[in-house]
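So this block is final-v4.pdb, PDB, C-alpha atoms:
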```pdb
ATOM      1  CA  GLY A 594     -69.719  91.527 212.955  1.00  0.00           C
ATOM      2  CA  ALA A 595     -69.725  95.230 213.793  1.00  0.00           C
ATOM      3  CA  VAL A 596     -73.434  95.665 214.265  1.00  0.00           C
ATOM      4  CA  VAL A 597     -74.915  98.809 215.742  1.00  0.00           C
ATOM      5  CA  SER A 598     -78.523  99.091 216.839  1.00  0.00           C
ATOM      6  CA  GLN A 599     -80.622 102.152 217.538  1.00  0.00           C
ATOM      7  CA  HIS A 600     -83.823 102.482 219.443  1.00  0.00           C
ATOM      8  CA  PRO A 601     -86.400 103.685 218.720  1.00  0.00           C
ATOM      9  CA  SER A 602     -86.402 103.566 214.948  1.00  0.00           C
ATOM     10  CA  ARG A 603     -89.152 106.118 214.770  1.00  0.00           C
ATOM     11  CA  VAL A 604     -90.590 108.532 217.312  1.00  0.00           C
ATOM     12  CA  ILE A 605     -93.250 111.208 217.173  1.00  0.00           C
ATOM     13  CA  CYS A 606     -93.486 113.631 220.063  1.00  0.00           C
ATOM     14  CA  LYS A 607     -95.112 116.895 221.005  1.00  0.00           C
ATOM     15  CA  SER A 608     -93.187 120.128 221.039  1.00  0.00           C
ATOM     16  CA  GLY A 609     -91.542 120.744 224.400  1.00  0.00           C
ATOM     17  CA  THR A 610     -91.034 117.134 225.359  1.00  0.00           C
ATOM     18  CA  SER A 611     -87.721 115.294 225.593  1.00  0.00           C
ATOM     19  CA  VAL A 612     -86.762 112.261 223.566  1.00  0.00           C
ATOM     20  CA  LYS A 613     -84.010 109.763 224.276  1.00  0.00           C
ATOM     21  CA  ILE A 614     -82.369 107.744 221.516  1.00  0.00           C
ATOM     22  CA  GLU A 615     -80.214 104.742 222.360  1.00  0.00           C
ATOM     23  CA  CYS A 616     -77.299 103.495 220.329  1.00  0.00           C
ATOM     24  CA  ARG A 617     -75.746 100.127 221.100  1.00  0.00           C
ATOM     25  CA  SER A 618     -72.801  98.304 219.608  1.00  0.00           C
ATOM     26  CA  LEU A 619     -73.912  94.683 219.712  1.00  0.00           C
ATOM     27  CA  ASP A 620     -70.772  92.721 218.960  1.00  0.00           C
ATOM     28  CA  PHE A 621     -67.891  95.069 219.523  1.00  0.00           C
ATOM     29  CA  GLN A 622     -66.710  97.655 221.991  1.00  0.00           C
ATOM     30  CA  ALA A 623     -67.140 101.121 220.601  1.00  0.00           C
ATOM     31  CA  THR A 624     -64.431 103.260 222.109  1.00  0.00           C
ATOM     32  CA  THR A 625     -65.827 106.248 220.288  1.00  0.00           C
ATOM     33  CA  MET A 626     -69.391 106.965 219.253  1.00  0.00           C
ATOM     34  CA  PHE A 627     -70.609 109.627 216.889  1.00  0.00           C
ATOM     35  CA  TRP A 628     -73.991 111.230 216.458  1.00  0.00           C
ATOM     36  CA  TYR A 629     -75.172 112.615 213.150  1.00  0.00           C
ATOM     37  CA  ARG A 630     -78.292 114.253 211.903  1.00  0.00           C
ATOM     38  CA  GLN A 631     -79.483 114.158 208.355  1.00  0.00           C
ATOM     39  CA  PHE A 632     -82.108 116.347 206.729  1.00  0.00           C
ATOM     40  CA  PRO A 633     -83.990 115.101 203.663  1.00  0.00           C
ATOM     41  CA  LYS A 634     -81.814 114.776 200.587  1.00  0.00           C
ATOM     42  CA  GLN A 635     -78.771 116.106 202.423  1.00  0.00           C
ATOM     43  CA  SER A 636     -75.578 114.624 203.692  1.00  0.00           C
ATOM     44  CA  LEU A 637     -74.832 113.600 207.249  1.00  0.00           C
ATOM     45  CA  MET A 638     -73.843 116.337 209.641  1.00  0.00           C
ATOM     46  CA  LEU A 639     -71.735 115.392 212.626  1.00  0.00           C
ATOM     47  CA  MET A 640     -73.266 116.652 215.847  1.00  0.00           C
ATOM     48  CA  ALA A 641     -70.915 115.297 218.474  1.00  0.00           C
ATOM     49  CA  THR A 642     -68.263 112.753 219.290  1.00  0.00           C
ATOM     50  CA  SER A 643     -68.141 110.876 222.570  1.00  0.00           C
ATOM     51  CA  ASN A 644     -65.653 108.579 224.236  1.00  0.00           C
ATOM     52  CA  GLU A 645     -66.710 106.181 226.951  1.00  0.00           C
ATOM     53  CA  GLY A 646     -66.700 107.845 230.317  1.00  0.00           C
ATOM     54  CA  SER A 647     -65.893 111.288 228.956  1.00  0.00           C
ATOM     55  CA  LYS A 648     -67.892 114.351 228.093  1.00  0.00           C
ATOM     56  CA  ALA A 649     -68.955 114.587 224.487  1.00  0.00           C
ATOM     57  CA  THR A 650     -67.285 116.976 222.086  1.00  0.00           C
ATOM     58  CA  TYR A 651     -69.861 118.980 220.191  1.00  0.00           C
ATOM     59  CA  GLU A 652     -69.484 120.454 216.750  1.00  0.00           C
ATOM     60  CA  GLN A 653     -69.785 124.160 216.263  1.00  0.00           C
ATOM     61  CA  GLY A 654     -73.371 125.283 216.243  1.00  0.00           C
ATOM     62  CA  VAL A 655     -74.734 122.257 218.110  1.00  0.00           C
ATOM     63  CA  GLU A 656     -76.280 123.178 221.450  1.00  0.00           C
ATOM     64  CA  LYS A 657     -74.856 120.901 224.115  1.00  0.00           C
ATOM     65  CA  ASP A 658     -77.663 121.729 226.519  1.00  0.00           C
ATOM     66  CA  LYS A 659     -80.245 120.736 223.976  1.00  0.00           C
ATOM     67  CA  PHE A 660     -78.616 117.572 222.681  1.00  0.00           C
ATOM     68  CA  LEU A 661     -77.414 115.662 225.710  1.00  0.00           C
ATOM     69  CA  ILE A 662     -75.046 112.811 224.984  1.00  0.00           C
ATOM     70  CA  ASN A 663     -74.073 110.125 227.452  1.00  0.00           C
ATOM     71  CA  HIS A 664     -71.551 107.414 226.647  1.00  0.00           C
ATOM     72  CA  ALA A 665     -71.975 105.317 229.746  1.00  0.00           C
ATOM     73  CA  SER A 666     -70.250 102.171 228.540  1.00  0.00           C
ATOM     74  CA  LEU A 667     -68.290 100.781 225.628  1.00  0.00           C
ATOM     75  CA  THR A 668     -71.507  99.488 224.108  1.00  0.00           C
ATOM     76  CA  LEU A 669     -74.056 102.194 224.847  1.00  0.00           C
ATOM     77  CA  SER A 670     -74.454 105.829 223.992  1.00  0.00           C
ATOM     78  CA  THR A 671     -77.612 107.885 224.329  1.00  0.00           C
ATOM     79  CA  LEU A 672     -78.732 111.122 222.730  1.00  0.00           C
ATOM     80  CA  THR A 673     -81.443 113.067 224.498  1.00  0.00           C
ATOM     81  CA  VAL A 674     -83.163 115.846 222.610  1.00  0.00           C
ATOM     82  CA  THR A 675     -84.451 118.150 225.311  1.00  0.00           C
ATOM     83  CA  SER A 676     -87.460 120.418 224.854  1.00  0.00           C
ATOM     84  CA  ALA A 677     -87.829 119.285 221.288  1.00  0.00           C
ATOM     85  CA  HIS A 678     -89.193 121.648 218.666  1.00  0.00           C
ATOM     86  CA  PRO A 679     -90.387 121.013 215.104  1.00  0.00           C
ATOM     87  CA  GLU A 680     -87.052 122.180 213.716  1.00  0.00           C
ATOM     88  CA  ASP A 681     -85.402 119.267 215.546  1.00  0.00           C
ATOM     89  CA  SER A 682     -87.298 116.857 213.335  1.00  0.00           C
ATOM     90  CA  SER A 683     -84.687 114.904 211.452  1.00  0.00           C
ATOM     91  CA  PHE A 684     -83.081 111.529 210.901  1.00  0.00           C
ATOM     92  CA  TYR A 685     -80.516 110.809 213.612  1.00  0.00           C
ATOM     93  CA  ILE A 686     -77.789 108.245 212.994  1.00  0.00           C
ATOM     94  CA  CYS A 687     -75.177 106.992 215.417  1.00  0.00           C
ATOM     95  CA  GLY A 688     -71.851 105.509 214.482  1.00  0.00           C
ATOM     96  CA  GLY A 689     -69.356 103.531 216.530  1.00  0.00           C
ATOM     97  CA  SER A 690     -65.686 102.886 215.966  1.00  0.00           C
ATOM     98  CA  ARG A 691     -63.586 100.230 217.664  1.00  0.00           C
ATOM     99  CA  ASP A 692     -60.024 100.462 216.479  1.00  0.00           C
ATOM    100  CA  SER A 693     -57.260 102.751 215.437  1.00  0.00           C
ATOM    101  CA  TYR A 694     -58.383 102.727 211.817  1.00  0.00           C
ATOM    102  CA  ASN A 695     -61.448 104.617 212.938  1.00  0.00           C
ATOM    103  CA  GLU A 696     -63.797 102.820 210.572  1.00  0.00           C
ATOM    104  CA  GLN A 697     -67.290 103.641 211.723  1.00  0.00           C
ATOM    105  CA  PHE A 698     -70.224 101.294 211.790  1.00  0.00           C
ATOM    106  CA  PHE A 699     -73.607 102.918 211.635  1.00  0.00           C
ATOM    107  CA  GLY A 700     -76.888 102.271 213.321  1.00  0.00           C
ATOM    108  CA  PRO A 701     -80.138 102.013 211.374  1.00  0.00           C
ATOM    109  CA  GLY A 702     -81.153 105.543 212.301  1.00  0.00           C
ATOM    110  CA  THR A 703     -83.994 107.137 214.231  1.00  0.00           C
ATOM    111  CA  ARG A 704     -86.620 109.246 212.527  1.00  0.00           C
ATOM    112  CA  LEU A 705     -87.734 111.995 214.924  1.00  0.00           C
ATOM    113  CA  THR A 706     -90.858 113.990 214.180  1.00  0.00           C
ATOM    114  CA  VAL A 707     -91.773 116.816 216.537  1.00  0.00           C
ATOM    115  CA  LEU A 708     -95.329 118.093 216.202  1.00  0.00           C
TER     116      LEU A 708
ATOM    117  CA  GLU B 562     -62.030 122.138 207.841  1.00  0.00           C
ATOM    118  CA  LEU B 563     -61.753 119.278 205.413  1.00  0.00           C
ATOM    119  CA  LYS B 564     -64.172 119.586 202.516  1.00  0.00           C
ATOM    120  CA  VAL B 565     -65.449 116.650 200.521  1.00  0.00           C
ATOM    121  CA  GLU B 566     -67.189 117.133 197.211  1.00  0.00           C
ATOM    122  CA  GLN B 567     -68.918 114.559 195.104  1.00  0.00           C
ATOM    123  CA  ASN B 568     -69.673 114.815 191.446  1.00  0.00           C
ATOM    124  CA  PRO B 569     -72.289 114.503 190.145  1.00  0.00           C
ATOM    125  CA  LEU B 570     -74.931 115.206 192.766  1.00  0.00           C
ATOM    126  CA  PHE B 571     -77.607 113.545 190.694  1.00  0.00           C
ATOM    127  CA  LEU B 572     -77.145 110.794 188.165  1.00  0.00           C
ATOM    128  CA  SER B 573     -79.732 109.165 185.997  1.00  0.00           C
ATOM    129  CA  MET B 574     -78.461 106.335 183.870  1.00  0.00           C
ATOM    130  CA  GLN B 575     -79.824 103.523 181.801  1.00  0.00           C
ATOM    131  CA  GLU B 576     -79.438  99.923 182.717  1.00  0.00           C
ATOM    132  CA  GLY B 577     -76.376  98.373 181.187  1.00  0.00           C
ATOM    133  CA  LYS B 578     -74.381 101.589 181.031  1.00  0.00           C
ATOM    134  CA  ASN B 579     -71.181 102.462 182.848  1.00  0.00           C
ATOM    135  CA  TYR B 580     -70.503 105.565 184.893  1.00  0.00           C
ATOM    136  CA  THR B 581     -68.131 106.988 187.473  1.00  0.00           C
ATOM    137  CA  ILE B 582     -68.815 109.009 190.590  1.00  0.00           C
ATOM    138  CA  TYR B 583     -66.017 111.251 191.792  1.00  0.00           C
ATOM    139  CA  CYS B 584     -65.090 112.217 195.321  1.00  0.00           C
ATOM    140  CA  ASN B 585     -62.603 115.056 195.842  1.00  0.00           C
ATOM    141  CA  TYR B 586     -61.337 116.148 199.218  1.00  0.00           C
ATOM    142  CA  SER B 587     -59.356 119.129 200.340  1.00  0.00           C
ATOM    143  CA  THR B 588     -56.631 117.897 202.707  1.00  0.00           C
ATOM    144  CA  THR B 589     -54.345 114.942 203.089  1.00  0.00           C
ATOM    145  CA  SER B 590     -55.929 111.681 204.161  1.00  0.00           C
ATOM    146  CA  ASP B 591     -55.259 108.088 203.253  1.00  0.00           C
ATOM    147  CA  ARG B 592     -58.506 106.617 204.532  1.00  0.00           C
ATOM    148  CA  LEU B 593     -61.655 106.853 202.520  1.00  0.00           C
ATOM    149  CA  TYR B 594     -64.940 105.033 202.712  1.00  0.00           C
ATOM    150  CA  TRP B 595     -67.872 104.537 200.384  1.00  0.00           C
ATOM    151  CA  TYR B 596     -71.401 104.000 201.628  1.00  0.00           C
ATOM    152  CA  ARG B 597     -74.760 103.329 200.089  1.00  0.00           C
ATOM    153  CA  GLN B 598     -77.975 104.731 201.544  1.00  0.00           C
ATOM    154  CA  ASP B 599     -81.454 103.643 200.498  1.00  0.00           C
ATOM    155  CA  PRO B 600     -84.392 105.983 201.172  1.00  0.00           C
ATOM    156  CA  GLY B 601     -85.287 106.080 204.857  1.00  0.00           C
ATOM    157  CA  LYS B 602     -82.408 103.784 205.750  1.00  0.00           C
ATOM    158  CA  SER B 603     -79.022 104.159 207.317  1.00  0.00           C
ATOM    159  CA  LEU B 604     -75.641 103.682 205.689  1.00  0.00           C
ATOM    160  CA  GLU B 605     -74.402 100.432 204.246  1.00  0.00           C
ATOM    161  CA  SER B 606     -70.629 100.097 204.022  1.00  0.00           C
ATOM    162  CA  LEU B 607     -69.404  99.376 200.515  1.00  0.00           C
ATOM    163  CA  PHE B 608     -65.659  99.909 200.475  1.00  0.00           C
ATOM    164  CA  VAL B 609     -62.834 100.800 202.820  1.00  0.00           C
ATOM    165  CA  LEU B 610     -59.786 102.266 201.084  1.00  0.00           C
ATOM    166  CA  LEU B 611     -56.774 102.614 203.338  1.00  0.00           C
ATOM    167  CA  SER B 612     -53.840 103.481 201.104  1.00  0.00           C
ATOM    168  CA  ASN B 613     -52.829 105.279 197.976  1.00  0.00           C
ATOM    169  CA  GLY B 614     -53.593 103.205 194.915  1.00  0.00           C
ATOM    170  CA  ALA B 615     -56.092 100.999 196.710  1.00  0.00           C
ATOM    171  CA  VAL B 616     -58.652  99.429 194.422  1.00  0.00           C
ATOM    172  CA  LYS B 617     -61.541  97.302 195.552  1.00  0.00           C
ATOM    173  CA  GLN B 618     -64.328  95.654 193.623  1.00  0.00           C
ATOM    174  CA  GLU B 619     -67.599  94.109 194.621  1.00  0.00           C
ATOM    175  CA  GLY B 620     -70.005  93.029 191.945  1.00  0.00           C
ATOM    176  CA  ARG B 621     -70.699  95.901 189.572  1.00  0.00           C
ATOM    177  CA  LEU B 622     -68.982  98.480 191.760  1.00  0.00           C
ATOM    178  CA  MET B 623     -65.300  99.293 191.883  1.00  0.00           C
ATOM    179  CA  ALA B 624     -63.679 101.947 194.062  1.00  0.00           C
ATOM    180  CA  SER B 625     -60.218 103.426 193.883  1.00  0.00           C
ATOM    181  CA  LEU B 626     -58.179 105.935 195.849  1.00  0.00           C
ATOM    182  CA  ASP B 627     -55.489 108.365 194.712  1.00  0.00           C
ATOM    183  CA  THR B 628     -54.281 110.164 197.817  1.00  0.00           C
ATOM    184  CA  LYS B 629     -51.886 112.376 195.869  1.00  0.00           C
ATOM    185  CA  ALA B 630     -54.717 113.737 193.757  1.00  0.00           C
ATOM    186  CA  ARG B 631     -57.066 113.630 196.778  1.00  0.00           C
ATOM    187  CA  LEU B 632     -59.536 111.778 194.629  1.00  0.00           C
ATOM    188  CA  SER B 633     -61.569 108.627 194.907  1.00  0.00           C
ATOM    189  CA  THR B 634     -63.788 107.152 192.249  1.00  0.00           C
ATOM    190  CA  LEU B 635     -66.706 104.768 192.386  1.00  0.00           C
ATOM    191  CA  HIS B 636     -67.161 103.084 189.038  1.00  0.00           C
ATOM    192  CA  ILE B 637     -70.405 101.434 188.083  1.00  0.00           C
ATOM    193  CA  THR B 638     -70.305  98.752 185.432  1.00  0.00           C
ATOM    194  CA  ALA B 639     -73.397  97.640 183.523  1.00  0.00           C
ATOM    195  CA  ALA B 640     -75.794  99.321 185.912  1.00  0.00           C
ATOM    196  CA  VAL B 641     -78.911  97.545 187.114  1.00  0.00           C
ATOM    197  CA  HIS B 642     -82.004  98.994 188.753  1.00  0.00           C
ATOM    198  CA  ASP B 643     -81.033  97.581 192.169  1.00  0.00           C
ATOM    199  CA  LEU B 644     -78.099  99.983 192.289  1.00  0.00           C
ATOM    200  CA  SER B 645     -80.460 102.949 192.561  1.00  0.00           C
ATOM    201  CA  ALA B 646     -79.589 104.652 195.861  1.00  0.00           C
ATOM    202  CA  THR B 647     -77.602 107.549 197.248  1.00  0.00           C
ATOM    203  CA  TYR B 648     -73.860 107.009 197.489  1.00  0.00           C
ATOM    204  CA  PHE B 649     -71.642 108.836 199.948  1.00  0.00           C
ATOM    205  CA  CYS B 650     -67.914 108.966 200.263  1.00  0.00           C
ATOM    206  CA  ALA B 651     -66.417 109.808 203.644  1.00  0.00           C
ATOM    207  CA  VAL B 652     -62.880 110.896 204.395  1.00  0.00           C
ATOM    208  CA  ASP B 653     -61.252 110.180 207.714  1.00  0.00           C
ATOM    209  CA  GLY B 654     -59.518 113.309 208.968  1.00  0.00           C
ATOM    210  CA  ASN B 655     -59.721 112.772 212.735  1.00  0.00           C
ATOM    211  CA  GLN B 656     -63.434 112.704 212.224  1.00  0.00           C
ATOM    212  CA  PHE B 657     -65.539 111.531 209.324  1.00  0.00           C
ATOM    213  CA  TYR B 658     -66.233 114.127 206.707  1.00  0.00           C
ATOM    214  CA  PHE B 659     -69.020 113.044 204.428  1.00  0.00           C
ATOM    215  CA  GLY B 660     -69.345 114.018 200.821  1.00  0.00           C
ATOM    216  CA  THR B 661     -72.407 115.730 199.464  1.00  0.00           C
ATOM    217  CA  GLY B 662     -73.827 112.458 198.192  1.00  0.00           C
ATOM    218  CA  THR B 663     -74.714 111.251 194.702  1.00  0.00           C
ATOM    219  CA  SER B 664     -78.297 110.253 194.068  1.00  0.00           C
ATOM    220  CA  LEU B 665     -78.246 107.504 191.476  1.00  0.00           C
ATOM    221  CA  THR B 666     -81.293 106.402 189.531  1.00  0.00           C
ATOM    222  CA  VAL B 667     -80.955 103.513 187.127  1.00  0.00           C
ATOM    223  CA  ILE B 668     -83.655 103.490 184.503  1.00  0.00           C
ATOM    224  CA  PRO B 669     -84.763 100.220 182.930  1.00  0.00           C
TER     225      PRO B 669
END
```
Let me see the file written as structure tokens.
Amino acid sequence: GAVVSQHPSRVICKSGTSVKIECRSLDFQATTMFWYRQFPKQSLMLMATSNEGSKATYEQGVEKDKFLINHASLTLSTLTVTSAHPEDSSFYICGGSRDSYNEQFFGPGTRLTVL
Amino acid sequence: ELKVEQNPLFLSMQEGKNYTIYCNYSTTSDRLYWYRQDPGKSLESLFVLLSNGAVKQEGRLMASLDTKARLSTLHITAAVHDLSATYFCAVDGNQFYFGTGTSLTVIP
């Protein structure tokens, strides 16, 4: 149980385009979803936290207008990178939690490369 | 902000040897998690530690939590090559705070 999927697993896009990444909890209801980015050989950095039906809470330094997060249902959250630039190239991982213990279950990640 | 430090950052060890990875954190929390990450992959959950004194073991890995010392350890017994990966601890302090990671290489 507690499986999270992400789509796509890998995306290459041109600078200036927008990219949408989907995160789905397949066998549980994720009351809260988290989005992380990870640069090579570094730890995970939390970008934002979202609760179903509410606006996402962004971490300091993360541009909310650039990284649009929608948590439309208890099983789906999306991250849209708008007007992507090469510096947005990274590994993006979503996590979902379902209960008061807040254990997170992580998706397989999306590798974004912006040319 | 809660800070989580892992020690060492890089670890190269021979097969068959034992070693311990340390995870120190800066504020009170009684929930700590250990994850494994292989190159290009996401996180695989290893252990969930939910109370002071918790100890869990799976195969060659054993994790413990001392909330008073704000310290968790991940002990590796008789390492094998398949354990080569990056290991992260994460502390639950209203959000997940990830450690810096420990890159483990087990040499035959």
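The interatomic distance for the pair atom CA of Glu576 of chain B and atom CA of Leu665 of chain B works out to 11.6 Å.
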Chain and number of each residue from the ChimeraX specification (/A :<12) & /B, as a VMD selection string: chain B and resid 562 565 to 567 570 to 571 591 to 612 646 to 664
Reference answer for the PyMOL selection byres ((chain B and resi 631) around 9), as a ChimeraX atom specification: /B:584-591,626-630,632-633
Store the residues of this selection in a file with C-alpha atoms, as a PDB file, keeping the file's coordinate frame.
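Output saved as result.pdb:
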```pdb
ATOM      1  CA  CYS B 584     -65.090 112.217 195.321  1.00  0.00           C
ATOM      2  CA  ASN B 585     -62.603 115.056 195.842  1.00  0.00           C
ATOM      3  CA  TYR B 586     -61.337 116.148 199.218  1.00  0.00           C
ATOM      4  CA  SER B 587     -59.356 119.129 200.340  1.00  0.00           C
ATOM      5  CA  THR B 588     -56.631 117.897 202.707  1.00  0.00           C
ATOM      6  CA  THR B 589     -54.345 114.942 203.089  1.00  0.00           C
ATOM      7  CA  SER B 590     -55.929 111.681 204.161  1.00  0.00           C
ATOM      8  CA  ASP B 591     -55.259 108.088 203.253  1.00  0.00           C
ATOM      9  CA  LEU B 626     -58.179 105.935 195.849  1.00  0.00           C
ATOM     10  CA  ASP B 627     -55.489 108.365 194.712  1.00  0.00           C
ATOM     11  CA  THR B 628     -54.281 110.164 197.817  1.00  0.00           C
ATOM     12  CA  LYS B 629     -51.886 112.376 195.869  1.00  0.00           C
ATOM     13  CA  ALA B 630     -54.717 113.737 193.757  1.00  0.00           C
ATOM     14  CA  LEU B 632     -59.536 111.778 194.629  1.00  0.00           C
ATOM     15  CA  SER B 633     -61.569 108.627 194.907  1.00  0.00           C
TER      16      SER B 633
END
```
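The set of residues that the PyMOL selection byres ((chain B and resi 640) around 6) takes from this file is Glu576, Gly577, Lys578, Thr638, Ala639 and Val641 of chain B.
The space between atom CA of Lys648 of chain A and atom CA of Glu615 of chain A spans 16.6 Å.
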